[in-house]
Structures are given as structure tokens and as C-alpha cells.
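A quick write-up on the structure given underneath.
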Amino acid sequence: MATRTDNQVRELNPEEWAQRVDEQARKYLGMSGEEFERRLRAGEIDIDDSPAVTRLAMMLPPNGTRK
Amino acid sequence: MAPGSRTPAEAVEHYRGRTARLLACLTNEHVVVSAYHTADPPHQLELSDLAKLRAPHPLRLSVGEHYEAREEADGWRVEIVGYNYAIEHEGGDLVSYHWHPTGESPITWPHMHVSTDIHVGERWFGKVHLPTGVVSLERVVALAITELGAKPLREDWERLIAEAADR
């Protein structure tokens, strides 16, 4: 058992973060990050629809605007 | 309680390190954070992906937090202002703790969902928002280890849980 392994912390700039949202949306929901955000904001997707939706929703900018 | 930090940036660095150490109790997945200096709060921290836990049964962990640095009497501290902590079992949610006070959902208070086949009338109980207080990540890590059989990856996991709680 390792005793001193710390997980790496990787800081993403806004462009990298948006790319990450897009990758995760395509991987888990089969849609682009932009489509996911639009449908969530429009109420077409509920944040509690699935674990993946909740996770992706929490990845979006909390105040609803791109940083 | 540990003393506050001299600057917001220092408080954020302490928070990031403390959280990464805490998550290292369960997974080697790296932690991703939104850029602190180029973005408005709240900021974001997440596990990079669903983390498969070392356990005799298929458990996975998902972690996302929203946070802000706030000045208090003894210095700067990081406050969690939203989260998604979920433990999956065999590909579906086993238990999840949510707090999303901003956004489209009308459910702005901390709550949890539990996996179940129960229906209350036509309402599936798994979709019911069970009210909670604010739940801390260290309690979820402790839950995974002490109640759900996840094997800690670090011998000092109890110290790290205590460190995370002492903020």
C-alpha cells in the first residue's frame, strides 16, 4: 500500500475546460458539450436524469456564463 | 481548526492539495480544476473521470465541487458552494449527494438520491430529493471505506480525513 501518493492536480484554462466538457458529453451522453448545455439550459434535460447528466451539469460554469 | 490563509490564492492552493490528498485515499485518478486566476467564482474541482474503486464489488466514485475563497476573521478560507458526490455500484447510482444552488433546477438545497426499486404512487423513489445538510467530501470518502468495502490506497487515510475535516 502506497502511503505518500498524492493525486496530480491539473489546472485547465477556460478553453481546455470547455473541451473537457465536450469530450465527457460525447463519451457519456453521445452529444456535444454545446448541445448538452443548450438542452440543459432549455429544460429539455433534467439535472437528475442520470448520474452522467448530473456530473456533466456540474462541469458547466455555475453562474450560467462562459468564463 | 487550522488557521486561515493570508491570501485567497494561498487558501485555494491549500484546498486543492488537501482535496487531492483526500481523494488519493481511494483513487489514482487525477484532479482537474478550473483556472483560478482567469475565472470568476465559483471555481470548479473534479475528479478527471469516474474512478473505479479497489473493492470486492464494482464501485465507482464521481466527485465535483464548486468553491469560493472567502475572507473570514482569521484569514482566507475556501467554502464549498455546490457539489456532486456519487458512488456507483454495478454501473448505476448507489447513492449520490447533490447541492446545486444555482442553475436551472428548482431543487436548490442539499439533497441525496438513493438507488431503489420503490415507487411511491407513480413517483420513482430514486428521483426523490431527500433533504440533507451540507455533506462533506471526507464523509463520503469515509463512507466508501468504512461502510462499502472500498480498500484505502493510503495507510494514513484516517489522518487525511481528519485533515480535510479540520479546515
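Identifiers in the C-alpha cells: chain A, B, ... in order shown; residue index from 1 per chain; ligand index from 1 in order shown.
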Discussion item. Residues of chain B within 9 Å of chain A, counting only C-alpha atoms - could you list those as a PyMOL selection string?
Written reply: chain B and resi 16-17+20-25+27-36+38-46+49+62-66+82-86+88+92-93+96+98+100+102-105+127+152-157
Practice prompt. DSSP on the backbone, then: every residue of chain B marked alpha helix (DSSP H), written as number ranges by chain.
Written response: B: 8-23, 137-146, 157-165
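For Arg167 (chain B), the residues within 8 Å (counting only C-alpha atoms, excluding itself and residues fewer than 2 positions away along the chain) are Met1, Ala2, Pro3, Arg77, Glu163, Ala164 and Ala165 of chain B.
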Practice prompt. Just the residues within 8 Å of Lys151 (chain B), please, counting only C-alpha atoms, with nothing from its chain fewer than 6 positions along; format it as JSON, numbers by chain.
Written response: {"B": [26, 53, 54, 55, 145]}
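Residues of chain A that DSSP places in strand (DSSP E), based on the backbone of this structure, are Val9, Arg10, Glu11 and Leu12 of chain A.
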For those residues, write N, CA and C atoms to a file as a PDB file, in the first residue's frame.
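File written: result20.pdb
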ATOM      1  N   VAL A   9      -2.850  17.391  -9.612  1.00  0.00           N
ATOM      2  CA  VAL A   9      -3.866  18.420  -9.820  1.00  0.00           C
ATOM      3  C   VAL A   9      -3.530  19.133 -11.128  1.00  0.00           C
ATOM      4  N   ARG A  10      -4.465  19.125 -12.062  1.00  0.00           N
ATOM      5  CA  ARG A  10      -4.230  19.711 -13.375  1.00  0.00           C
ATOM      6  C   ARG A  10      -5.169  20.901 -13.554  1.00  0.00           C
ATOM      7  N   GLU A  11      -4.583  22.089 -13.715  1.00  0.00           N
ATOM      8  CA  GLU A  11      -5.413  23.293 -13.890  1.00  0.00           C
ATOM      9  C   GLU A  11      -5.693  23.509 -15.371  1.00  0.00           C
ATOM     10  N   LEU A  12      -6.965  23.700 -15.698  1.00  0.00           N
ATOM     11  CA  LEU A  12      -7.375  23.885 -17.087  1.00  0.00           C
ATOM     12  C   LEU A  12      -7.816  25.322 -17.299  1.00  0.00           C
TER      13      LEU A  12
END
